[in-house]
$ cat protein.pdb   # PDB, C-alpha atoms and all ligand atoms
ATOM      1  CA  MET A   1       6.003 -29.844 -18.125  1.00  0.00           C
ATOM      2  CA  ASN A   2       8.089 -30.069 -21.328  1.00  0.00           C
ATOM      3  CA  SER A   3       6.879 -29.072 -24.812  1.00  0.00           C
ATOM      4  CA  PHE A   4       5.836 -32.594 -25.759  1.00  0.00           C
ATOM      5  CA  GLU A   5       3.731 -32.828 -22.602  1.00  0.00           C
ATOM      6  CA  HIS A   6       2.222 -29.402 -23.322  1.00  0.00           C
ATOM      7  CA  ILE A   7       1.138 -30.521 -26.793  1.00  0.00           C
ATOM      8  CA  MET A   8      -0.329 -33.764 -25.427  1.00  0.00           C
ATOM      9  CA  ALA A   9      -2.244 -31.812 -22.783  1.00  0.00           C
ATOM     10  CA  THR A  10      -3.979 -29.728 -25.460  1.00  0.00           C
ATOM     11  CA  LEU A  11      -5.177 -32.679 -27.571  1.00  0.00           C
ATOM     12  CA  ASP A  12      -8.668 -34.046 -27.330  1.00  0.00           C
ATOM     13  CA  TYR A  13      -9.701 -37.634 -27.903  1.00  0.00           C
ATOM     14  CA  PRO A  14     -12.570 -39.837 -26.761  1.00  0.00           C
ATOM     15  CA  MET A  15     -12.333 -41.413 -23.337  1.00  0.00           C
ATOM     16  CA  CYS A  16     -13.414 -44.986 -22.782  1.00  0.00           C
ATOM     17  CA  ILE A  17     -14.082 -47.240 -19.841  1.00  0.00           C
ATOM     18  CA  VAL A  18     -12.454 -50.642 -20.224  1.00  0.00           C
ATOM     19  CA  THR A  19     -13.905 -53.554 -18.295  1.00  0.00           C
ATOM     20  CA  THR A  20     -12.809 -57.143 -18.115  1.00  0.00           C
ATOM     21  CA  CYS A  21     -13.230 -60.258 -16.026  1.00  0.00           C
ATOM     22  CA  PHE A  22     -11.673 -63.603 -15.269  1.00  0.00           C
ATOM     23  CA  GLU A  23     -13.729 -66.156 -13.362  1.00  0.00           C
ATOM     24  CA  ASN A  24     -15.229 -64.097 -10.472  1.00  0.00           C
ATOM     25  CA  GLU A  25     -12.792 -61.184 -10.700  1.00  0.00           C
ATOM     26  CA  LYS A  26     -14.066 -58.037 -12.405  1.00  0.00           C
ATOM     27  CA  ALA A  27     -12.027 -54.930 -13.183  1.00  0.00           C
ATOM     28  CA  GLY A  28     -12.288 -51.715 -15.120  1.00  0.00           C
ATOM     29  CA  CYS A  29     -10.687 -48.315 -15.540  1.00  0.00           C
ATOM     30  CA  LEU A  30     -10.999 -45.060 -17.444  1.00  0.00           C
ATOM     31  CA  VAL A  31      -8.690 -44.977 -20.483  1.00  0.00           C
ATOM     32  CA  GLY A  32      -7.546 -42.194 -22.759  1.00  0.00           C
ATOM     33  CA  PHE A  33      -4.924 -44.116 -24.717  1.00  0.00           C
ATOM     34  CA  SER A  34      -7.028 -45.994 -27.277  1.00  0.00           C
ATOM     35  CA  THR A  35      -7.645 -45.870 -31.004  1.00  0.00           C
ATOM     36  CA  GLN A  36      -8.919 -47.808 -34.000  1.00  0.00           C
ATOM     37  CA  CYS A  37      -5.718 -48.898 -35.745  1.00  0.00           C
ATOM     38  CA  SER A  38      -6.839 -50.973 -38.760  1.00  0.00           C
ATOM     39  CA  ILE A  39      -9.920 -50.874 -41.016  1.00  0.00           C
ATOM     40  CA  LEU A  40      -9.599 -54.227 -42.789  1.00  0.00           C
ATOM     41  CA  PRO A  41      -9.228 -56.235 -40.685  1.00  0.00           C
ATOM     42  CA  GLN A  42     -10.965 -54.202 -37.986  1.00  0.00           C
ATOM     43  CA  HIS A  43      -8.492 -53.722 -35.151  1.00  0.00           C
ATOM     44  CA  TYR A  44      -8.515 -51.453 -32.104  1.00  0.00           C
ATOM     45  CA  LEU A  45      -5.647 -50.715 -29.715  1.00  0.00           C
ATOM     46  CA  VAL A  46      -6.209 -49.971 -26.025  1.00  0.00           C
ATOM     47  CA  CYS A  47      -3.388 -49.286 -23.564  1.00  0.00           C
ATOM     48  CA  ILE A  48      -3.644 -50.240 -19.895  1.00  0.00           C
ATOM     49  CA  SER A  49      -1.185 -48.960 -17.302  1.00  0.00           C
ATOM     50  CA  LYS A  50       1.067 -51.469 -15.568  1.00  0.00           C
ATOM     51  CA  GLN A  51       0.055 -49.767 -12.295  1.00  0.00           C
ATOM     52  CA  ASN A  52      -3.627 -50.590 -12.685  1.00  0.00           C
ATOM     53  CA  TYR A  53      -5.567 -53.363 -11.027  1.00  0.00           C
ATOM     54  CA  THR A  54      -7.389 -53.696 -14.351  1.00  0.00           C
ATOM     55  CA  LEU A  55      -4.190 -54.991 -15.962  1.00  0.00           C
ATOM     56  CA  GLU A  56      -3.914 -57.808 -13.413  1.00  0.00           C
ATOM     57  CA  VAL A  57      -7.303 -59.129 -14.515  1.00  0.00           C
ATOM     58  CA  ALA A  58      -6.796 -58.273 -18.207  1.00  0.00           C
ATOM     59  CA  LYS A  59      -3.631 -60.424 -18.234  1.00  0.00           C
ATOM     60  CA  LYS A  60      -5.826 -63.496 -17.674  1.00  0.00           C
ATOM     61  CA  ALA A  61      -8.804 -62.422 -19.793  1.00  0.00           C
ATOM     62  CA  GLN A  62      -9.632 -63.233 -23.404  1.00  0.00           C
ATOM     63  CA  PHE A  63     -11.919 -60.236 -23.958  1.00  0.00           C
ATOM     64  CA  LEU A  64     -12.139 -56.552 -23.024  1.00  0.00           C
ATOM     65  CA  THR A  65     -15.270 -54.405 -23.218  1.00  0.00           C
ATOM     66  CA  LEU A  66     -14.767 -50.796 -24.289  1.00  0.00           C
ATOM     67  CA  HIS A  67     -17.524 -48.348 -23.320  1.00  0.00           C
ATOM     68  CA  PHE A  68     -17.631 -44.829 -24.766  1.00  0.00           C
ATOM     69  CA  PRO A  69     -19.380 -42.495 -22.297  1.00  0.00           C
ATOM     70  CA  SER A  70     -21.265 -39.363 -23.297  1.00  0.00           C
ATOM     71  CA  VAL A  71     -20.455 -35.970 -21.782  1.00  0.00           C
ATOM     72  CA  ASP A  72     -23.340 -36.436 -19.329  1.00  0.00           C
ATOM     73  CA  GLN A  73     -21.794 -39.679 -17.997  1.00  0.00           C
ATOM     74  CA  ILE A  74     -18.857 -37.980 -16.291  1.00  0.00           C
ATOM     75  CA  GLU A  75     -19.787 -39.493 -12.904  1.00  0.00           C
ATOM     76  CA  LEU A  76     -19.334 -42.961 -14.385  1.00  0.00           C
ATOM     77  CA  ALA A  77     -15.973 -41.868 -15.798  1.00  0.00           C
ATOM     78  CA  LYS A  78     -14.976 -40.599 -12.343  1.00  0.00           C
ATOM     79  CA  LEU A  79     -15.929 -43.900 -10.719  1.00  0.00           C
ATOM     80  CA  PHE A  80     -13.658 -45.814 -13.082  1.00  0.00           C
ATOM     81  CA  GLY A  81     -10.882 -43.200 -13.250  1.00  0.00           C
ATOM     82  CA  GLU A  82     -10.623 -41.983  -9.656  1.00  0.00           C
ATOM     83  CA  THR A  83     -10.949 -45.218  -7.738  1.00  0.00           C
ATOM     84  CA  THR A  84      -8.979 -48.433  -7.929  1.00  0.00           C
ATOM     85  CA  GLY A  85     -10.005 -52.062  -7.755  1.00  0.00           C
ATOM     86  CA  ASP A  86      -7.081 -52.442  -5.348  1.00  0.00           C
ATOM     87  CA  ASN A  87      -9.396 -51.243  -2.599  1.00  0.00           C
ATOM     88  CA  ILE A  88     -12.984 -50.956  -3.844  1.00  0.00           C
ATOM     89  CA  ASP A  89     -15.415 -52.969  -5.946  1.00  0.00           C
ATOM     90  CA  LYS A  90     -16.408 -50.418  -8.611  1.00  0.00           C
ATOM     91  CA  PHE A  91     -19.102 -52.776  -9.829  1.00  0.00           C
ATOM     92  CA  SER A  92     -21.074 -52.391  -6.606  1.00  0.00           C
ATOM     93  CA  PHE A  93     -21.567 -48.704  -7.543  1.00  0.00           C
ATOM     94  CA  CYS A  94     -22.950 -49.158 -11.072  1.00  0.00           C
ATOM     95  CA  PRO A  95     -25.329 -51.603 -12.735  1.00  0.00           C
ATOM     96  CA  TRP A  96     -23.703 -54.170 -15.014  1.00  0.00           C
ATOM     97  CA  TYR A  97     -24.442 -57.506 -16.627  1.00  0.00           C
ATOM     98  CA  ILE A  98     -22.673 -60.399 -18.276  1.00  0.00           C
ATOM     99  CA  GLY A  99     -23.029 -60.122 -22.034  1.00  0.00           C
ATOM    100  CA  PRO A 100     -21.776 -62.095 -25.034  1.00  0.00           C
ATOM    101  CA  TYR A 101     -18.492 -63.976 -24.551  1.00  0.00           C
ATOM    102  CA  GLY A 102     -18.932 -63.661 -20.778  1.00  0.00           C
ATOM    103  CA  ALA A 103     -17.928 -60.001 -21.025  1.00  0.00           C
ATOM    104  CA  VAL A 104     -18.750 -57.500 -18.255  1.00  0.00           C
ATOM    105  CA  ILE A 105     -20.935 -54.712 -19.656  1.00  0.00           C
ATOM    106  CA  ILE A 106     -21.953 -51.534 -17.839  1.00  0.00           C
ATOM    107  CA  LYS A 107     -25.746 -51.254 -17.884  1.00  0.00           C
ATOM    108  CA  ASP A 108     -26.357 -47.691 -19.002  1.00  0.00           C
ATOM    109  CA  ASP A 109     -27.203 -45.670 -22.077  1.00  0.00           C
ATOM    110  CA  ILE A 110     -23.676 -46.192 -23.378  1.00  0.00           C
ATOM    111  CA  ASP A 111     -22.077 -47.408 -26.610  1.00  0.00           C
ATOM    112  CA  TRP A 112     -19.822 -50.428 -26.209  1.00  0.00           C
ATOM    113  CA  PHE A 113     -17.963 -53.118 -28.083  1.00  0.00           C
ATOM    114  CA  ILE A 114     -16.352 -56.341 -26.965  1.00  0.00           C
ATOM    115  CA  GLY A 115     -12.876 -56.982 -28.307  1.00  0.00           C
ATOM    116  CA  LYS A 116     -11.070 -60.315 -28.416  1.00  0.00           C
ATOM    117  CA  ILE A 117      -7.464 -59.799 -27.314  1.00  0.00           C
ATOM    118  CA  ILE A 118      -5.339 -60.951 -30.238  1.00  0.00           C
ATOM    119  CA  GLN A 119      -2.003 -59.490 -29.126  1.00  0.00           C
ATOM    120  CA  ARG A 120      -0.435 -57.900 -26.053  1.00  0.00           C
ATOM    121  CA  ILE A 121       2.369 -55.399 -26.650  1.00  0.00           C
ATOM    122  CA  ASP A 122       4.758 -53.959 -24.044  1.00  0.00           C
ATOM    123  CA  LEU A 123       4.674 -50.204 -24.750  1.00  0.00           C
ATOM    124  CA  GLY A 124       6.614 -48.856 -21.756  1.00  0.00           C
ATOM    125  CA  ASP A 125       4.524 -48.139 -18.686  1.00  0.00           C
ATOM    126  CA  HIS A 126       1.380 -49.343 -20.506  1.00  0.00           C
ATOM    127  CA  VAL A 127       0.498 -52.668 -22.135  1.00  0.00           C
ATOM    128  CA  GLY A 128      -1.170 -52.378 -25.531  1.00  0.00           C
ATOM    129  CA  HIS A 129      -4.026 -54.760 -26.206  1.00  0.00           C
ATOM    130  CA  LEU A 130      -4.778 -55.309 -29.866  1.00  0.00           C
ATOM    131  CA  LEU A 131      -8.462 -56.129 -30.168  1.00  0.00           C
ATOM    132  CA  GLU A 132     -10.666 -57.679 -32.789  1.00  0.00           C
ATOM    133  CA  PRO A 133     -14.250 -56.445 -32.259  1.00  0.00           C
ATOM    134  CA  VAL A 134     -16.634 -59.382 -31.884  1.00  0.00           C
ATOM    135  CA  SER A 135     -19.819 -57.721 -30.626  1.00  0.00           C
ATOM    136  CA  ALA A 136     -21.028 -54.120 -30.351  1.00  0.00           C
ATOM    137  CA  LEU A 137     -24.034 -52.028 -29.352  1.00  0.00           C
ATOM    138  CA  LYS A 138     -24.713 -48.460 -30.483  1.00  0.00           C
ATOM    139  CA  VAL A 139     -27.355 -46.860 -28.250  1.00  0.00           C
ATOM    140  CA  SER A 140     -26.178 -43.372 -27.434  1.00  0.00           C
ATOM    141  CA  THR A 141     -26.689 -40.238 -29.528  1.00  0.00           C
ATOM    142  CA  GLY A 142     -25.061 -37.565 -27.373  1.00  0.00           C
ATOM    143  CA  PRO A 143     -21.551 -36.129 -27.806  1.00  0.00           C
ATOM    144  CA  LYS A 144     -18.773 -38.291 -26.394  1.00  0.00           C
ATOM    145  CA  LEU A 145     -16.752 -37.524 -23.295  1.00  0.00           C
ATOM    146  CA  GLY A 146     -13.321 -36.261 -24.304  1.00  0.00           C
ATOM    147  CA  PHE A 147      -9.947 -35.986 -22.600  1.00  0.00           C
ATOM    148  CA  GLN A 148     -10.233 -32.209 -22.121  1.00  0.00           C
ATOM    149  CA  GLU A 149     -13.309 -32.712 -19.922  1.00  0.00           C
ATOM    150  CA  VAL A 150     -11.664 -35.251 -17.623  1.00  0.00           C
ATOM    151  CA  LYS A 151      -7.954 -34.439 -17.624  1.00  0.00           C
ATOM    152  CA  LYS A 152      -8.188 -32.860 -14.154  1.00  0.00           C
ATOM    153  CA  ILE A 153      -9.735 -35.967 -12.605  1.00  0.00           C
ATOM    154  CA  PRO A 154      -7.235 -37.378 -10.080  1.00  0.00           C
ATOM    155  CA  ALA A 155      -6.418 -40.880 -11.311  1.00  0.00           C
ATOM    156  CA  GLY A 156      -6.760 -43.764  -8.867  1.00  0.00           C
ATOM    157  CA  HIS A 157      -3.220 -44.742  -9.845  1.00  0.00           C
ATOM    158  CA  PRO A 158      -1.730 -41.337 -10.633  1.00  0.00           C
ATOM    159  CA  ILE A 159       0.853 -40.712 -13.334  1.00  0.00           C
ATOM    160  CA  GLU A 160       0.342 -37.019 -12.627  1.00  0.00           C
ATOM    161  CA  GLU A 161       2.913 -35.594 -14.973  1.00  0.00           C
ATOM    162  CA  GLU A 162       1.117 -37.220 -17.959  1.00  0.00           C
ATOM    163  CA  PHE A 163      -2.187 -35.454 -17.433  1.00  0.00           C
ATOM    164  CA  GLU A 164      -1.413 -32.044 -15.863  1.00  0.00           C
TER     165      GLU A 164
HETATM  166  C1  LIG B   1      -7.875 -38.421 -17.839  1.00  0.00           C
HETATM  167  C2  LIG B   1      -7.427 -39.809 -17.476  1.00  0.00           C
HETATM  168  C3  LIG B   1      -6.897 -40.639 -18.466  1.00  0.00           C
HETATM  169  C4  LIG B   1      -6.457 -41.930 -18.137  1.00  0.00           C
HETATM  170  N1  LIG B   1      -5.957 -42.735 -19.130  1.00  0.00           N
HETATM  171  C5  LIG B   1      -5.563 -44.002 -18.812  1.00  0.00           C
HETATM  172  C6  LIG B   1      -5.096 -44.862 -19.834  1.00  0.00           C
HETATM  173  O1  LIG B   1      -5.021 -44.519 -21.010  1.00  0.00           O
HETATM  174  N2  LIG B   1      -4.758 -46.132 -19.473  1.00  0.00           N
HETATM  175  C7  LIG B   1      -4.822 -46.566 -18.183  1.00  0.00           C
HETATM  176  O2  LIG B   1      -4.503 -47.729 -17.932  1.00  0.00           O
HETATM  177  N3  LIG B   1      -5.238 -45.757 -17.190  1.00  0.00           N
HETATM  178  C8  LIG B   1      -5.622 -44.489 -17.478  1.00  0.00           C
HETATM  179  N4  LIG B   1      -6.074 -43.659 -16.502  1.00  0.00           N
HETATM  180  C9  LIG B   1      -5.931 -44.052 -15.088  1.00  0.00           C
HETATM  181  C10 LIG B   1      -6.949 -45.059 -14.548  1.00  0.00           C
HETATM  182  O3  LIG B   1      -8.240 -44.867 -15.067  1.00  0.00           O
HETATM  183  C11 LIG B   1      -7.000 -44.923 -13.009  1.00  0.00           C
HETATM  184  O4  LIG B   1      -5.706 -44.958 -12.439  1.00  0.00           O
HETATM  185  C12 LIG B   1      -7.884 -45.969 -12.357  1.00  0.00           C
HETATM  186  O5  LIG B   1      -8.151 -45.552 -11.049  1.00  0.00           O
HETATM  187  C13 LIG B   1      -7.255 -47.359 -12.353  1.00  0.00           C
HETATM  188  O6  LIG B   1      -8.183 -48.258 -11.793  1.00  0.00           O
HETATM  189  P1  LIG B   1      -7.773 -49.765 -11.461  1.00  0.00           P
HETATM  190  O7  LIG B   1      -6.583 -49.733 -10.535  1.00  0.00           O
HETATM  191  O8  LIG B   1      -9.014 -50.314 -10.794  1.00  0.00           O
HETATM  192  O9  LIG B   1      -7.464 -50.445 -12.744  1.00  0.00           O
HETATM  193  C14 LIG B   1      -6.548 -42.396 -16.806  1.00  0.00           C
HETATM  194  C15 LIG B   1      -7.125 -41.568 -15.822  1.00  0.00           C
HETATM  195  C16 LIG B   1      -7.550 -40.297 -16.152  1.00  0.00           C
HETATM  196  C17 LIG B   1      -8.169 -39.437 -15.084  1.00  0.00           C
END
$ encode --input "protein.pdb" --output "structure tokens"
Amino acid sequence: MNSFEHIMATLDYPMCIVTTCFENEKAGCLVGFSTQCSILPQHYLVCISKQNYTLEVAKKAQFLTLHFPSVDQIELAKLFGETTGDNIDKFSFCPWYIGPYGAVIIKDDIDWFIGKIIQRIDLGDHVGHLLEPVSALKVSTGPKLGFQEVKKIPAGHPIEEEFE
């Protein structure tokens, strides 16, 4: 691990679970690379790995749903971070519903917002999705799940050197 990677490994930032759908296909994964990136207008950037099944569906989608799990929702984070839609249907292991804009929303005590994809940006091994929030629900009061709590989770599509 080089010094840059060491610094990155010590940072903490909120984890999110990104879900999306196109026609009958649903997909979702655990994401660490995301941030609000503009206040006026409100914009949010979320980066999805080119290795992930989620990107295949996101390429065709108009909206992404970003869920921000609490520390006590680590099992949900593991479901979306450890397994891949290449070989399992994650949505048969957690309750979900179709919300505004036809977005897939995880049915749990979890904060979420739906973002309209207004730009896709090639960032290297990830694709950045610039989002305009169009709907949101704040229901959770607990502390959010951060990178330090999940960095040892083995990713369904590993880029091991990034997270060690
Ligand atoms: C701590 C951690 C952080 C991750 N961050 C990202 C990320 O920022 N973007 C991403 O696309 N995948 C990220 N992943 C990997 C995906 O969540 C994982 O490979 C998932 O199994 C992909 O599922 P899919 O193939 O169904 O899309 C992360 C995984 C872990 C454990």
$ residues_near_ligand --input "protein.pdb" --ligand "ligand LIG 1 (chain B)" --cutoff "9 Å" --atoms "only C-alpha atoms and all ligand atoms" --output "compact mmCIF listing (two decimals) with C-alpha atoms, keeping the file's coordinate frame"
# COMPACT_ATOMS: atom_id res chain seq x y z
CA MET A 15 -12.33 -41.41 -23.34
CA CYS A 16 -13.41 -44.99 -22.78
CA ILE A 17 -14.08 -47.24 -19.84
CA VAL A 18 -12.45 -50.64 -20.22
CA ALA A 27 -12.03 -54.93 -13.18
CA GLY A 28 -12.29 -51.72 -15.12
CA CYS A 29 -10.69 -48.32 -15.54
CA LEU A 30 -11.00 -45.06 -17.44
CA VAL A 31 -8.69 -44.98 -20.48
CA GLY A 32 -7.55 -42.19 -22.76
CA PHE A 33 -4.92 -44.12 -24.72
CA SER A 34 -7.03 -45.99 -27.28
CA VAL A 46 -6.21 -49.97 -26.02
CA CYS A 47 -3.39 -49.29 -23.56
CA ILE A 48 -3.64 -50.24 -19.90
CA SER A 49 -1.18 -48.96 -17.30
CA LYS A 50 1.07 -51.47 -15.57
CA GLN A 51 0.06 -49.77 -12.30
CA ASN A 52 -3.63 -50.59 -12.68
CA TYR A 53 -5.57 -53.36 -11.03
CA THR A 54 -7.39 -53.70 -14.35
CA LEU A 55 -4.19 -54.99 -15.96
CA GLU A 56 -3.91 -57.81 -13.41
CA VAL A 57 -7.30 -59.13 -14.52
CA ALA A 77 -15.97 -41.87 -15.80
CA LYS A 78 -14.98 -40.60 -12.34
CA LEU A 79 -15.93 -43.90 -10.72
CA PHE A 80 -13.66 -45.81 -13.08
CA GLY A 81 -10.88 -43.20 -13.25
CA GLU A 82 -10.62 -41.98 -9.66
CA THR A 83 -10.95 -45.22 -7.74
CA THR A 84 -8.98 -48.43 -7.93
CA GLY A 85 -10.01 -52.06 -7.76
CA ASP A 86 -7.08 -52.44 -5.35
CA ASN A 87 -9.40 -51.24 -2.60
CA ILE A 88 -12.98 -50.96 -3.84
CA ASP A 89 -15.42 -52.97 -5.95
CA LYS A 90 -16.41 -50.42 -8.61
CA HIS A 126 1.38 -49.34 -20.51
CA VAL A 127 0.50 -52.67 -22.14
CA GLY A 146 -13.32 -36.26 -24.30
CA PHE A 147 -9.95 -35.99 -22.60
CA GLN A 148 -10.23 -32.21 -22.12
CA GLU A 149 -13.31 -32.71 -19.92
CA VAL A 150 -11.66 -35.25 -17.62
CA LYS A 151 -7.95 -34.44 -17.62
CA LYS A 152 -8.19 -32.86 -14.15
CA ILE A 153 -9.74 -35.97 -12.60
CA PRO A 154 -7.24 -37.38 -10.08
CA ALA A 155 -6.42 -40.88 -11.31
CA GLY A 156 -6.76 -43.76 -8.87
CA HIS A 157 -3.22 -44.74 -9.85
CA PRO A 158 -1.73 -41.34 -10.63
CA ILE A 159 0.85 -40.71 -13.33
CA GLU A 162 1.12 -37.22 -17.96
CA PHE A 163 -2.19 -35.45 -17.43
$ atom_distance --input "protein.pdb" --atom1 "atom CA of A:Thr35" --atom2 "atom CA of A:Asp12"
12.4 Å
$ residues_near_point --input "protein.pdb" --point "(-23.4, -52.9, -22.4)" --cutoff "12 Å" --atoms "all atoms listed in the file" --output "MDAnalysis selection string"
chainID A and resid 17:19 64:69 94:100 102:114 135:140
$ write_last_selection --input "protein.pdb" --atoms "C-alpha atoms" --output "mmCIF file, in the coordinates of the input"
data_model
loop_
_atom_site.group_PDB
_atom_site.id
_atom_site.type_symbol
_atom_site.label_atom_id
_atom_site.label_comp_id
_atom_site.auth_asym_id
_atom_site.auth_seq_id
_atom_site.Cartn_x
_atom_site.Cartn_y
_atom_site.Cartn_z
ATOM 1 C CA ILE A 17 -14.082 -47.240 -19.841
ATOM 2 C CA VAL A 18 -12.454 -50.642 -20.224
ATOM 3 C CA THR A 19 -13.905 -53.554 -18.295
ATOM 4 C CA LEU A 64 -12.139 -56.552 -23.024
ATOM 5 C CA THR A 65 -15.270 -54.405 -23.218
ATOM 6 C CA LEU A 66 -14.767 -50.796 -24.289
ATOM 7 C CA HIS A 67 -17.524 -48.348 -23.320
ATOM 8 C CA PHE A 68 -17.631 -44.829 -24.766
ATOM 9 C CA PRO A 69 -19.380 -42.495 -22.297
ATOM 10 C CA CYS A 94 -22.950 -49.158 -11.072
ATOM 11 C CA PRO A 95 -25.329 -51.603 -12.735
ATOM 12 C CA TRP A 96 -23.703 -54.170 -15.014
ATOM 13 C CA TYR A 97 -24.442 -57.506 -16.627
ATOM 14 C CA ILE A 98 -22.673 -60.399 -18.276
ATOM 15 C CA GLY A 99 -23.029 -60.122 -22.034
ATOM 16 C CA PRO A 100 -21.776 -62.095 -25.034
ATOM 17 C CA GLY A 102 -18.932 -63.661 -20.778
ATOM 18 C CA ALA A 103 -17.928 -60.001 -21.025
ATOM 19 C CA VAL A 104 -18.750 -57.500 -18.255
ATOM 20 C CA ILE A 105 -20.935 -54.712 -19.656
ATOM 21 C CA ILE A 106 -21.953 -51.534 -17.839
ATOM 22 C CA LYS A 107 -25.746 -51.254 -17.884
ATOM 23 C CA ASP A 108 -26.357 -47.691 -19.002
ATOM 24 C CA ASP A 109 -27.203 -45.670 -22.077
ATOM 25 C CA ILE A 110 -23.676 -46.192 -23.378
ATOM 26 C CA ASP A 111 -22.077 -47.408 -26.610
ATOM 27 C CA TRP A 112 -19.822 -50.428 -26.209
ATOM 28 C CA PHE A 113 -17.963 -53.118 -28.083
ATOM 29 C CA ILE A 114 -16.352 -56.341 -26.965
ATOM 30 C CA SER A 135 -19.819 -57.721 -30.626
ATOM 31 C CA ALA A 136 -21.028 -54.120 -30.351
ATOM 32 C CA LEU A 137 -24.034 -52.028 -29.352
ATOM 33 C CA LYS A 138 -24.713 -48.460 -30.483
ATOM 34 C CA VAL A 139 -27.355 -46.860 -28.250
ATOM 35 C CA SER A 140 -26.178 -43.372 -27.434
#
$ resolve_selection --input "protein.pdb" --expression "the PyMOL selection byres (((chain A and resi 23) around 10) and not hetatm)" --output "ChimeraX atom specification"
/A:21-22,24-26,57,60-61,102
$ resolve_selection --input "protein.pdb" --expression "the PyMOL selection byres (((chain A and resi 43) around 10) and not hetatm)" --output "number ranges by chain"
A: 35-42, 44-45, 115-118, 130-133
$ atom_distance --input "protein.pdb" --atom1 "atom CA of A:Asp72" --atom2 "atom CA of A:Pro143"
8.7 Å
$ closest_residue --input "protein.pdb" --among "A:Leu145, A:Met1, A:Ile121, A:Tyr101" --to "A:Phe63" --atoms "all atoms listed in the file"
A:Tyr101
$ atom_distance --input "protein.pdb" --atom1 "atom CA of A:Leu76" --atom2 "atom CA of A:Phe93"
9.2 Å
